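These notes concern the structure reproduced below.
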Amino acid sequence: MSVSIDIDHVVKKYGSNTVINGLSLSVKPGEFFTLLGPSGCGKTTLLRMIIGFNSIEGGTISVGGRVMNDVSPDKRNMGMVFQNYAIFPHMSVRDNVAFGLRMRNILEKDIEERVDHMLKVVKIDHLKDRMPVALSGGQQQRVALARAIVIRPEVLLMDEPLSNLDAKLRIEMRSAIKQIQKKVDITTVYVTHDQEEALAVSDRIAVMNGGIIQQIGKPADIYKRPANVFVSTFIGLSNLLDGRVHGSGSSRRVSFDGTSYETVMDNLSAEAKDKEPVILSVRPEEFDIHTDGGTAGIRGEIVSSIFLGLTTHYFIHLENGKDIEVLETREDHDIIPDGSVVTLTVKPRFINVFHKASGTSLIEGEPS
Ligand SMILES: Nc1ncnc2c1ncn2[C@@H]1O[C@H](COP(=O)(O)OP(=O)(O)OP(=O)(O)O)[C@@H](O)[C@H]1O
């Protein structure tokens, strides 16, 4: 039975410096939950509060309904995987994985069974007699993962576990980690500053900045409907353009400043008032490029392009003086030459609209 984690208005102070001030979130049983944010935003601090390496200056952290604030780390029944593997260099793979079980005085026969099973789960059973020095980074991280899970913790915590691996191995290991987590069904909190990694592994993501949660949601929902300008630019690429709301009620439109292009939006919140200045955010892959000269849209000139195989990445200078990036997939793979004058359109559902002053989203409803 997996458990939930409930973080309720927690406060973390280092001396007089408050780095987390009243943060709340809940992780569902069995969920793969990621804390994502730039360096220094408080991800590691929060993770260390969950496992008990950091004190808590306010609020509560509960696991399976039990308040953990004053429970020592060794009594919390949590496993942790660190960035630097932290496996014992003088012990074989098998002994590293068995370590936590021996500490718990489990029968040697049962230890052997559980270690063998766990090494199969993380797919390194053929390496059980090797010493860590003879393992690759990815293999060492599998040992660390096996060692964390073999004790059957209620909660698995991972702090940037892939950052010491090269790019190819990182991609391979992130799908391995996700598969293993689903197989063992342990509530997991994962810390990363890599947005692509977070999108790839998580059931849900909490995007943090400055100790504050900016948005919690499923990867696709956060990508499609960022809650504010910070999330929009931190996750994936976004073109931000100034714009304005026109009209009222159900017939509201947004226009792009310095262009004659406007589009009807049926999902604006009540706060999007007539003539309200806004920030419009459009993903590079959501613009459509037209070369026929007759389509109404935002005019621009292709400055340069990079052919990426599946897509072509265009740098476009718009009529309003802004520069944007557009990713386009053409069936015929014809690249539009530099210097071409094009018009751009975007389907209303792909436009995100943010309040100019606060940066918060003015879109209502679920992402489609
Ligand atoms: N032991 C400490 N004493 C004092 N301040 C600390 C301590 N640990 C972290 N901080 C501060 O708390 C803030 C959050 O740090 P934290 O390490 O949690 O961020 P992070 O999001 O995990 O960043 P990174 O990805 O760089 O590890 C930072 O401003 C950091 O300088």
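Ordered as shown in the structure tokens, chains take letters A, B, and onward, while each chain numbers its residues from 1 and ligands are numbered from 1 in the order shown.
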Enumerate, as a PDB file with N, CA and C atoms, in the first residue's frame, the complete set of residues in stretch 27-253 of chain A that a backbone-based DSSP assignment places in alpha helix (DSSP H).
```
ATOM      1  N   LYS A  43      14.333  23.561  -3.814  1.00  0.00           N
ATOM      2  CA  LYS A  43      13.915  22.173  -4.059  1.00  0.00           C
ATOM      3  C   LYS A  43      14.585  21.215  -3.091  1.00  0.00           C
ATOM      4  N   THR A  44      15.926  21.307  -3.013  1.00  0.00           N
ATOM      5  CA  THR A  44      16.673  20.399  -2.144  1.00  0.00           C
ATOM      6  C   THR A  44      16.299  20.631  -0.686  1.00  0.00           C
ATOM      7  N   THR A  45      16.123  21.902  -0.332  1.00  0.00           N
ATOM      8  CA  THR A  45      15.730  22.237   1.042  1.00  0.00           C
ATOM      9  C   THR A  45      14.439  21.512   1.403  1.00  0.00           C
ATOM     10  N   LEU A  46      13.463  21.547   0.501  1.00  0.00           N
ATOM     11  CA  LEU A  46      12.167  20.909   0.774  1.00  0.00           C
ATOM     12  C   LEU A  46      12.316  19.386   0.853  1.00  0.00           C
ATOM     13  N   LEU A  47      13.115  18.824  -0.051  1.00  0.00           N
ATOM     14  CA  LEU A  47      13.326  17.370  -0.043  1.00  0.00           C
ATOM     15  C   LEU A  47      13.969  16.929   1.276  1.00  0.00           C
ATOM     16  N   ARG A  48      14.943  17.721   1.732  1.00  0.00           N
ATOM     17  CA  ARG A  48      15.634  17.393   2.984  1.00  0.00           C
ATOM     18  C   ARG A  48      14.712  17.571   4.191  1.00  0.00           C
ATOM     19  N   MET A  49      13.720  18.427   4.055  1.00  0.00           N
ATOM     20  CA  MET A  49      12.723  18.545   5.132  1.00  0.00           C
ATOM     21  C   MET A  49      11.846  17.287   5.167  1.00  0.00           C
ATOM     22  N   ILE A  50      11.537  16.750   3.982  1.00  0.00           N
ATOM     23  CA  ILE A  50      10.679  15.555   3.933  1.00  0.00           C
ATOM     24  C   ILE A  50      11.395  14.370   4.593  1.00  0.00           C
ATOM     25  N   ILE A  51      12.688  14.215   4.299  1.00  0.00           N
ATOM     26  CA  ILE A  51      13.400  13.045   4.855  1.00  0.00           C
ATOM     27  C   ILE A  51      13.871  13.298   6.287  1.00  0.00           C
ATOM     28  N   VAL A  93      28.572  -4.740  -5.519  1.00  0.00           N
ATOM     29  CA  VAL A  93      27.196  -4.326  -5.829  1.00  0.00           C
ATOM     30  C   VAL A  93      26.229  -5.012  -4.870  1.00  0.00           C
ATOM     31  N   ARG A  94      26.397  -6.339  -4.727  1.00  0.00           N
ATOM     32  CA  ARG A  94      25.494  -7.121  -3.876  1.00  0.00           C
ATOM     33  C   ARG A  94      25.520  -6.614  -2.423  1.00  0.00           C
ATOM     34  N   ASP A  95      26.720  -6.337  -1.914  1.00  0.00           N
ATOM     35  CA  ASP A  95      26.821  -5.887  -0.519  1.00  0.00           C
ATOM     36  C   ASP A  95      26.283  -4.474  -0.333  1.00  0.00           C
ATOM     37  N   ASN A  96      26.476  -3.626  -1.359  1.00  0.00           N
ATOM     38  CA  ASN A  96      25.900  -2.289  -1.288  1.00  0.00           C
ATOM     39  C   ASN A  96      24.381  -2.370  -1.146  1.00  0.00           C
ATOM     40  N   VAL A  97      23.781  -3.217  -1.963  1.00  0.00           N
ATOM     41  CA  VAL A  97      22.313  -3.301  -1.953  1.00  0.00           C
ATOM     42  C   VAL A  97      21.834  -3.977  -0.666  1.00  0.00           C
ATOM     43  N   ALA A  98      22.648  -4.922  -0.154  1.00  0.00           N
ATOM     44  CA  ALA A  98      22.245  -5.652   1.066  1.00  0.00           C
ATOM     45  C   ALA A  98      22.418  -4.813   2.334  1.00  0.00           C
ATOM     46  N   PHE A  99      23.200  -3.732   2.224  1.00  0.00           N
ATOM     47  CA  PHE A  99      23.608  -2.983   3.418  1.00  0.00           C
ATOM     48  C   PHE A  99      22.438  -2.595   4.329  1.00  0.00           C
ATOM     49  N   GLY A 100      21.431  -1.955   3.729  1.00  0.00           N
ATOM     50  CA  GLY A 100      20.290  -1.462   4.525  1.00  0.00           C
ATOM     51  C   GLY A 100      19.529  -2.600   5.191  1.00  0.00           C
ATOM     52  N   LEU A 101      19.515  -3.770   4.523  1.00  0.00           N
ATOM     53  CA  LEU A 101      18.792  -4.924   5.076  1.00  0.00           C
ATOM     54  C   LEU A 101      19.570  -5.513   6.257  1.00  0.00           C
ATOM     55  N   ARG A 102      20.901  -5.555   6.116  1.00  0.00           N
ATOM     56  CA  ARG A 102      21.735  -6.077   7.229  1.00  0.00           C
ATOM     57  C   ARG A 102      21.576  -5.183   8.453  1.00  0.00           C
ATOM     58  N   MET A 103      21.509  -3.853   8.213  1.00  0.00           N
ATOM     59  CA  MET A 103      21.331  -2.910   9.325  1.00  0.00           C
ATOM     60  C   MET A 103      20.019  -3.185  10.064  1.00  0.00           C
ATOM     61  N   GLU A 108      19.768 -13.644   6.726  1.00  0.00           N
ATOM     62  CA  GLU A 108      20.672 -13.635   5.579  1.00  0.00           C
ATOM     63  C   GLU A 108      20.021 -14.266   4.329  1.00  0.00           C
ATOM     64  N   LYS A 109      19.239 -15.331   4.567  1.00  0.00           N
ATOM     65  CA  LYS A 109      18.572 -16.021   3.447  1.00  0.00           C
ATOM     66  C   LYS A 109      17.581 -15.069   2.749  1.00  0.00           C
ATOM     67  N   ASP A 110      16.835 -14.312   3.547  1.00  0.00           N
ATOM     68  CA  ASP A 110      15.864 -13.366   2.982  1.00  0.00           C
ATOM     69  C   ASP A 110      16.576 -12.204   2.287  1.00  0.00           C
ATOM     70  N   ILE A 111      17.707 -11.807   2.895  1.00  0.00           N
ATOM     71  CA  ILE A 111      18.480 -10.705   2.281  1.00  0.00           C
ATOM     72  C   ILE A 111      18.880 -11.109   0.862  1.00  0.00           C
ATOM     73  N   GLU A 112      19.400 -12.334   0.745  1.00  0.00           N
ATOM     74  CA  GLU A 112      19.872 -12.800  -0.555  1.00  0.00           C
ATOM     75  C   GLU A 112      18.746 -12.754  -1.593  1.00  0.00           C
ATOM     76  N   GLU A 113      17.570 -13.231  -1.178  1.00  0.00           N
ATOM     77  CA  GLU A 113      16.415 -13.254  -2.078  1.00  0.00           C
ATOM     78  C   GLU A 113      16.015 -11.846  -2.519  1.00  0.00           C
ATOM     79  N   ARG A 114      15.956 -10.960  -1.526  1.00  0.00           N
ATOM     80  CA  ARG A 114      15.499  -9.590  -1.828  1.00  0.00           C
ATOM     81  C   ARG A 114      16.516  -8.842  -2.680  1.00  0.00           C
ATOM     82  N   VAL A 115      17.803  -9.053  -2.396  1.00  0.00           N
ATOM     83  CA  VAL A 115      18.842  -8.386  -3.186  1.00  0.00           C
ATOM     84  C   VAL A 115      18.799  -8.896  -4.626  1.00  0.00           C
ATOM     85  N   ASP A 116      18.694 -10.217  -4.789  1.00  0.00           N
ATOM     86  CA  ASP A 116      18.647 -10.782  -6.146  1.00  0.00           C
ATOM     87  C   ASP A 116      17.460 -10.225  -6.922  1.00  0.00           C
ATOM     88  N   HIS A 117      16.323 -10.183  -6.250  1.00  0.00           N
ATOM     89  CA  HIS A 117      15.119  -9.679  -6.906  1.00  0.00           C
ATOM     90  C   HIS A 117      15.311  -8.208  -7.317  1.00  0.00           C
ATOM     91  N   MET A 118      15.841  -7.409  -6.397  1.00  0.00           N
ATOM     92  CA  MET A 118      16.000  -5.977  -6.665  1.00  0.00           C
ATOM     93  C   MET A 118      17.002  -5.730  -7.784  1.00  0.00           C
ATOM     94  N   LEU A 119      18.075  -6.530  -7.817  1.00  0.00           N
ATOM     95  CA  LEU A 119      19.062  -6.352  -8.884  1.00  0.00           C
ATOM     96  C   LEU A 119      18.449  -6.680 -10.242  1.00  0.00           C
ATOM     97  N   LYS A 120      17.496  -7.617 -10.249  1.00  0.00           N
ATOM     98  CA  LYS A 120      16.794  -7.918 -11.503  1.00  0.00           C
ATOM     99  C   LYS A 120      15.900  -6.752 -11.894  1.00  0.00           C
ATOM    100  N   VAL A 121      15.207  -6.175 -10.908  1.00  0.00           N
ATOM    101  CA  VAL A 121      14.302  -5.048 -11.193  1.00  0.00           C
ATOM    102  C   VAL A 121      15.081  -3.893 -11.834  1.00  0.00           C
ATOM    103  N   GLY A 137      28.669   5.183 -14.747  1.00  0.00           N
ATOM    104  CA  GLY A 137      27.843   6.086 -13.943  1.00  0.00           C
ATOM    105  C   GLY A 137      26.394   5.615 -13.864  1.00  0.00           C
ATOM    106  N   GLY A 138      25.871   5.179 -15.003  1.00  0.00           N
ATOM    107  CA  GLY A 138      24.476   4.719 -15.036  1.00  0.00           C
ATOM    108  C   GLY A 138      24.285   3.476 -14.186  1.00  0.00           C
ATOM    109  N   GLN A 139      25.266   2.559 -14.255  1.00  0.00           N
ATOM    110  CA  GLN A 139      25.187   1.328 -13.439  1.00  0.00           C
ATOM    111  C   GLN A 139      25.278   1.668 -11.951  1.00  0.00           C
ATOM    112  N   GLN A 140      26.163   2.615 -11.615  1.00  0.00           N
ATOM    113  CA  GLN A 140      26.278   3.018 -10.195  1.00  0.00           C
ATOM    114  C   GLN A 140      24.963   3.609  -9.709  1.00  0.00           C
ATOM    115  N   GLN A 141      24.306   4.371 -10.584  1.00  0.00           N
ATOM    116  CA  GLN A 141      23.048   4.971 -10.161  1.00  0.00           C
ATOM    117  C   GLN A 141      21.959   3.904 -10.017  1.00  0.00           C
ATOM    118  N   ARG A 142      22.047   2.827 -10.791  1.00  0.00           N
ATOM    119  CA  ARG A 142      21.098   1.717 -10.613  1.00  0.00           C
ATOM    120  C   ARG A 142      21.330   1.031  -9.265  1.00  0.00           C
ATOM    121  N   VAL A 143      22.623   0.919  -8.865  1.00  0.00           N
ATOM    122  CA  VAL A 143      22.930   0.334  -7.547  1.00  0.00           C
ATOM    123  C   VAL A 143      22.322   1.213  -6.450  1.00  0.00           C
ATOM    124  N   ALA A 144      22.527   2.531  -6.596  1.00  0.00           N
ATOM    125  CA  ALA A 144      22.006   3.462  -5.584  1.00  0.00           C
ATOM    126  C   ALA A 144      20.485   3.349  -5.495  1.00  0.00           C
ATOM    127  N   LEU A 145      19.856   3.198  -6.649  1.00  0.00           N
ATOM    128  CA  LEU A 145      18.395   3.081  -6.689  1.00  0.00           C
ATOM    129  C   LEU A 145      17.944   1.770  -6.024  1.00  0.00           C
ATOM    130  N   ALA A 146      18.641   0.674  -6.372  1.00  0.00           N
ATOM    131  CA  ALA A 146      18.304  -0.631  -5.776  1.00  0.00           C
ATOM    132  C   ALA A 146      18.473  -0.577  -4.262  1.00  0.00           C
ATOM    133  N   ARG A 147      19.560   0.063  -3.811  1.00  0.00           N
ATOM    134  CA  ARG A 147      19.834   0.148  -2.382  1.00  0.00           C
ATOM    135  C   ARG A 147      18.755   0.956  -1.646  1.00  0.00           C
ATOM    136  N   ALA A 148      18.248   1.983  -2.348  1.00  0.00           N
ATOM    137  CA  ALA A 148      17.200   2.803  -1.724  1.00  0.00           C
ATOM    138  C   ALA A 148      15.867   2.053  -1.660  1.00  0.00           C
ATOM    139  N   ILE A 149      15.579   1.253  -2.690  1.00  0.00           N
ATOM    140  CA  ILE A 149      14.234   0.630  -2.731  1.00  0.00           C
ATOM    141  C   ILE A 149      14.167  -0.714  -2.023  1.00  0.00           C
ATOM    142  N   ALA A 167      24.681  13.056 -21.547  1.00  0.00           N
ATOM    143  CA  ALA A 167      23.340  13.335 -22.081  1.00  0.00           C
ATOM    144  C   ALA A 167      22.598  12.068 -22.530  1.00  0.00           C
ATOM    145  N   LYS A 168      23.311  11.163 -23.199  1.00  0.00           N
ATOM    146  CA  LYS A 168      22.661   9.967 -23.755  1.00  0.00           C
ATOM    147  C   LYS A 168      22.180   9.055 -22.618  1.00  0.00           C
ATOM    148  N   LEU A 169      23.052   8.884 -21.638  1.00  0.00           N
ATOM    149  CA  LEU A 169      22.737   8.012 -20.505  1.00  0.00           C
ATOM    150  C   LEU A 169      21.604   8.599 -19.657  1.00  0.00           C
ATOM    151  N   ARG A 170      21.581   9.928 -19.585  1.00  0.00           N
ATOM    152  CA  ARG A 170      20.521  10.597 -18.826  1.00  0.00           C
ATOM    153  C   ARG A 170      19.156  10.248 -19.401  1.00  0.00           C
ATOM    154  N   ILE A 171      19.077  10.273 -20.724  1.00  0.00           N
ATOM    155  CA  ILE A 171      17.790   9.986 -21.376  1.00  0.00           C
ATOM    156  C   ILE A 171      17.417   8.521 -21.162  1.00  0.00           C
ATOM    157  N   GLU A 172      18.426   7.636 -21.265  1.00  0.00           N
ATOM    158  CA  GLU A 172      18.185   6.199 -21.060  1.00  0.00           C
ATOM    159  C   GLU A 172      17.739   5.950 -19.612  1.00  0.00           C
ATOM    160  N   MET A 173      18.447   6.582 -18.671  1.00  0.00           N
ATOM    161  CA  MET A 173      18.168   6.332 -17.249  1.00  0.00           C
ATOM    162  C   MET A 173      16.842   6.931 -16.807  1.00  0.00           C
ATOM    163  N   ARG A 174      16.402   8.019 -17.478  1.00  0.00           N
ATOM    164  CA  ARG A 174      15.143   8.588 -16.996  1.00  0.00           C
ATOM    165  C   ARG A 174      13.971   7.676 -17.322  1.00  0.00           C
ATOM    166  N   SER A 175      14.043   6.981 -18.452  1.00  0.00           N
ATOM    167  CA  SER A 175      12.938   6.045 -18.694  1.00  0.00           C
ATOM    168  C   SER A 175      13.080   4.820 -17.794  1.00  0.00           C
ATOM    169  N   ALA A 176      14.334   4.418 -17.492  1.00  0.00           N
ATOM    170  CA  ALA A 176      14.535   3.294 -16.560  1.00  0.00           C
ATOM    171  C   ALA A 176      13.961   3.638 -15.184  1.00  0.00           C
ATOM    172  N   ILE A 177      14.254   4.827 -14.693  1.00  0.00           N
ATOM    173  CA  ILE A 177      13.772   5.246 -13.367  1.00  0.00           C
ATOM    174  C   ILE A 177      12.251   5.260 -13.325  1.00  0.00           C
ATOM    175  N   LYS A 178      11.653   5.784 -14.394  1.00  0.00           N
ATOM    176  CA  LYS A 178      10.190   5.864 -14.422  1.00  0.00           C
ATOM    177  C   LYS A 178       9.573   4.449 -14.397  1.00  0.00           C
ATOM    178  N   GLN A 179      10.150   3.564 -15.206  1.00  0.00           N
ATOM    179  CA  GLN A 179       9.630   2.179 -15.252  1.00  0.00           C
ATOM    180  C   GLN A 179       9.763   1.495 -13.900  1.00  0.00           C
ATOM    181  N   ILE A 180      10.943   1.659 -13.277  1.00  0.00           N
ATOM    182  CA  ILE A 180      11.193   1.000 -11.990  1.00  0.00           C
ATOM    183  C   ILE A 180      10.248   1.563 -10.931  1.00  0.00           C
ATOM    184  N   GLN A 181      10.067   2.875 -10.943  1.00  0.00           N
ATOM    185  CA  GLN A 181       9.176   3.501  -9.951  1.00  0.00           C
ATOM    186  C   GLN A 181       7.758   2.958 -10.096  1.00  0.00           C
ATOM    187  N   LYS A 182       7.287   2.801 -11.318  1.00  0.00           N
ATOM    188  CA  LYS A 182       5.924   2.284 -11.524  1.00  0.00           C
ATOM    189  C   LYS A 182       5.838   0.834 -11.068  1.00  0.00           C
ATOM    190  N   LYS A 183       6.897   0.089 -11.330  1.00  0.00           N
ATOM    191  CA  LYS A 183       6.904  -1.329 -10.975  1.00  0.00           C
ATOM    192  C   LYS A 183       6.840  -1.516  -9.457  1.00  0.00           C
ATOM    193  N   VAL A 184       7.651  -0.730  -8.723  1.00  0.00           N
ATOM    194  CA  VAL A 184       7.677  -0.920  -7.265  1.00  0.00           C
ATOM    195  C   VAL A 184       6.579  -0.121  -6.560  1.00  0.00           C
ATOM    196  N   GLN A 195      13.966  20.933 -17.063  1.00  0.00           N
ATOM    197  CA  GLN A 195      12.536  20.883 -17.372  1.00  0.00           C
ATOM    198  C   GLN A 195      12.174  19.707 -18.284  1.00  0.00           C
ATOM    199  N   GLU A 196      13.076  19.368 -19.189  1.00  0.00           N
ATOM    200  CA  GLU A 196      12.775  18.264 -20.095  1.00  0.00           C
ATOM    201  C   GLU A 196      12.692  16.938 -19.326  1.00  0.00           C
ATOM    202  N   GLU A 197      13.637  16.783 -18.379  1.00  0.00           N
ATOM    203  CA  GLU A 197      13.643  15.584 -17.534  1.00  0.00           C
ATOM    204  C   GLU A 197      12.347  15.504 -16.718  1.00  0.00           C
ATOM    205  N   ALA A 198      11.932  16.641 -16.172  1.00  0.00           N
ATOM    206  CA  ALA A 198      10.700  16.666 -15.372  1.00  0.00           C
ATOM    207  C   ALA A 198       9.499  16.280 -16.221  1.00  0.00           C
ATOM    208  N   LEU A 199       9.423  16.812 -17.440  1.00  0.00           N
ATOM    209  CA  LEU A 199       8.295  16.473 -18.315  1.00  0.00           C
ATOM    210  C   LEU A 199       8.307  14.984 -18.634  1.00  0.00           C
ATOM    211  N   ALA A 200       9.514  14.412 -18.776  1.00  0.00           N
ATOM    212  CA  ALA A 200       9.633  13.016 -19.202  1.00  0.00           C
ATOM    213  C   ALA A 200       9.267  12.016 -18.110  1.00  0.00           C
ATOM    214  N   VAL A 201       9.580  12.312 -16.858  1.00  0.00           N
ATOM    215  CA  VAL A 201       9.418  11.266 -15.832  1.00  0.00           C
ATOM    216  C   VAL A 201       8.175  11.416 -14.948  1.00  0.00           C
ATOM    217  N   PRO A 219       2.443  17.122 -16.607  1.00  0.00           N
ATOM    218  CA  PRO A 219       3.392  17.737 -17.540  1.00  0.00           C
ATOM    219  C   PRO A 219       2.709  18.428 -18.728  1.00  0.00           C
ATOM    220  N   ALA A 220       1.784  17.741 -19.398  1.00  0.00           N
ATOM    221  CA  ALA A 220       1.174  18.332 -20.597  1.00  0.00           C
ATOM    222  C   ALA A 220       0.347  19.563 -20.252  1.00  0.00           C
ATOM    223  N   ASP A 221      -0.315  19.552 -19.103  1.00  0.00           N
ATOM    224  CA  ASP A 221      -1.144  20.698 -18.719  1.00  0.00           C
ATOM    225  C   ASP A 221      -0.276  21.917 -18.425  1.00  0.00           C
ATOM    226  N   ILE A 222       0.843  21.690 -17.733  1.00  0.00           N
ATOM    227  CA  ILE A 222       1.750  22.803 -17.426  1.00  0.00           C
ATOM    228  C   ILE A 222       2.357  23.364 -18.710  1.00  0.00           C
ATOM    229  N   TYR A 223       2.674  22.471 -19.622  1.00  0.00           N
ATOM    230  CA  TYR A 223       3.265  22.906 -20.894  1.00  0.00           C
ATOM    231  C   TYR A 223       2.256  23.722 -21.704  1.00  0.00           C
ATOM    232  N   LYS A 224       1.015  23.215 -21.747  1.00  0.00           N
ATOM    233  CA  LYS A 224       0.007  23.885 -22.585  1.00  0.00           C
ATOM    234  C   LYS A 224      -0.564  25.131 -21.934  1.00  0.00           C
ATOM    235  N   VAL A 229       3.901  33.896 -16.461  1.00  0.00           N
ATOM    236  CA  VAL A 229       4.973  34.100 -17.442  1.00  0.00           C
ATOM    237  C   VAL A 229       6.223  33.314 -17.056  1.00  0.00           C
ATOM    238  N   PHE A 230       6.517  33.223 -15.744  1.00  0.00           N
ATOM    239  CA  PHE A 230       7.703  32.474 -15.322  1.00  0.00           C
ATOM    240  C   PHE A 230       7.625  31.018 -15.813  1.00  0.00           C
ATOM    241  N   VAL A 231       6.495  30.363 -15.558  1.00  0.00           N
ATOM    242  CA  VAL A 231       6.355  28.948 -15.954  1.00  0.00           C
ATOM    243  C   VAL A 231       6.411  28.833 -17.480  1.00  0.00           C
ATOM    244  N   SER A 232       5.794  29.777 -18.153  1.00  0.00           N
ATOM    245  CA  SER A 232       5.769  29.740 -19.616  1.00  0.00           C
ATOM    246  C   SER A 232       7.173  29.778 -20.213  1.00  0.00           C
ATOM    247  N   THR A 233       8.065  30.541 -19.609  1.00  0.00           N
ATOM    248  CA  THR A 233       9.419  30.630 -20.166  1.00  0.00           C
ATOM    249  C   THR A 233      10.358  29.584 -19.577  1.00  0.00           C
ATOM    250  N   PHE A 234      10.060  29.099 -18.353  1.00  0.00           N
ATOM    251  CA  PHE A 234      10.942  28.103 -17.735  1.00  0.00           C
ATOM    252  C   PHE A 234      10.730  26.719 -18.359  1.00  0.00           C
TER     253      PHE A 234
END
```
Do you have, as a Markdown table, the list of residues of chain A lying at most 7 Å from ligand 1, each with its nearest atom pair and that distance in Å to one decimal, counting only C-alpha atoms and all ligand atoms and ordered by chain then number?
```
| residue | atom | partner | partner_atom_place_in_ligand_line | distance |
| --- | --- | --- | --- | --- |
| A:Tyr14 | CA | ligand 1 | 4 (C) | 4.8 |
| A:Val19 | CA | ligand 1 | 12 (O) | 5.4 |
| A:Gly37 | CA | ligand 1 | 21 (O) | 6.2 |
| A:Pro38 | CA | ligand 1 | 21 (O) | 6.0 |
| A:Ser39 | CA | ligand 1 | 26 (O) | 3.6 |
| A:Gly40 | CA | ligand 1 | 19 (O) | 3.4 |
| A:Cys41 | CA | ligand 1 | 21 (O) | 3.8 |
| A:Gly42 | CA | ligand 1 | 18 (O) | 3.2 |
| A:Lys43 | CA | ligand 1 | 21 (O) | 4.0 |
| A:Thr44 | CA | ligand 1 | 22 (O) | 3.6 |
| A:Thr45 | CA | ligand 1 | 18 (O) | 3.6 |
| A:Leu46 | CA | ligand 1 | 18 (O) | 6.5 |
| A:Thr192 | CA | ligand 1 | 25 (O) | 6.9 |
| A:His193 | CA | ligand 1 | 25 (O) | 5.9 |
```
Save the residues we just selected, N, CA and C atoms, as a compact mmCIF listing (two decimals), in the first residue's frame?
```
# COMPACT_ATOMS: atom_id res chain seq x y z
N TYR A 14 17.01 29.43 7.43
CA TYR A 14 18.41 29.20 7.74
C TYR A 14 18.84 30.44 8.52
N VAL A 19 13.74 30.77 3.62
CA VAL A 19 13.83 30.37 2.21
C VAL A 19 12.53 29.73 1.71
N GLY A 37 12.64 23.56 -10.64
CA GLY A 37 12.84 25.02 -10.55
C GLY A 37 14.30 25.35 -10.72
N PRO A 38 14.62 26.63 -10.90
CA PRO A 38 16.01 27.03 -11.10
C PRO A 38 16.83 26.83 -9.84
N SER A 39 18.14 26.87 -10.00
CA SER A 39 19.05 26.70 -8.87
C SER A 39 18.73 27.70 -7.76
N GLY A 40 18.69 27.20 -6.53
CA GLY A 40 18.47 28.08 -5.38
C GLY A 40 17.00 28.33 -5.05
N CYS A 41 16.07 27.66 -5.75
CA CYS A 41 14.65 27.96 -5.51
C CYS A 41 14.10 27.21 -4.29
N GLY A 42 14.90 26.29 -3.73
CA GLY A 42 14.47 25.62 -2.50
C GLY A 42 14.05 24.18 -2.67
N LYS A 43 14.33 23.56 -3.81
CA LYS A 43 13.92 22.17 -4.06
C LYS A 43 14.59 21.22 -3.09
N THR A 44 15.93 21.31 -3.01
CA THR A 44 16.67 20.40 -2.14
C THR A 44 16.30 20.63 -0.69
N THR A 45 16.12 21.90 -0.33
CA THR A 45 15.73 22.24 1.04
C THR A 45 14.44 21.51 1.40
N LEU A 46 13.46 21.55 0.50
CA LEU A 46 12.17 20.91 0.77
C LEU A 46 12.32 19.39 0.85
N THR A 192 14.66 18.13 -9.73
CA THR A 192 15.51 18.43 -10.88
C THR A 192 15.36 19.90 -11.28
N HIS A 193 16.41 20.43 -11.94
CA HIS A 193 16.26 21.78 -12.51
C HIS A 193 16.08 21.68 -14.02
```
- Message: With only C-alpha atoms as the counted atoms, please give the residues lying no more than 8 Å from stretch 272-288 of chain A, apart from itself and same-chain residues fewer than 5 positions off, as a PyMOL selection string.
- Response: chain A and resi 232+236-248+252+256+324-328+344-347+350-356+359+362
- Message: So that I can see what lies close to A:Val342, please list as number ranges by chain the residues with an atom at most 10 Å from it, counting only C-alpha atoms and leaving out residues fewer than 3 positions away in the same chain.
- Response: A: 288-295, 297-302, 316, 318, 336, 339
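As for atom CA of A:Leu107 and atom CA of A:His90, they are spaced 22.7 Å apart.
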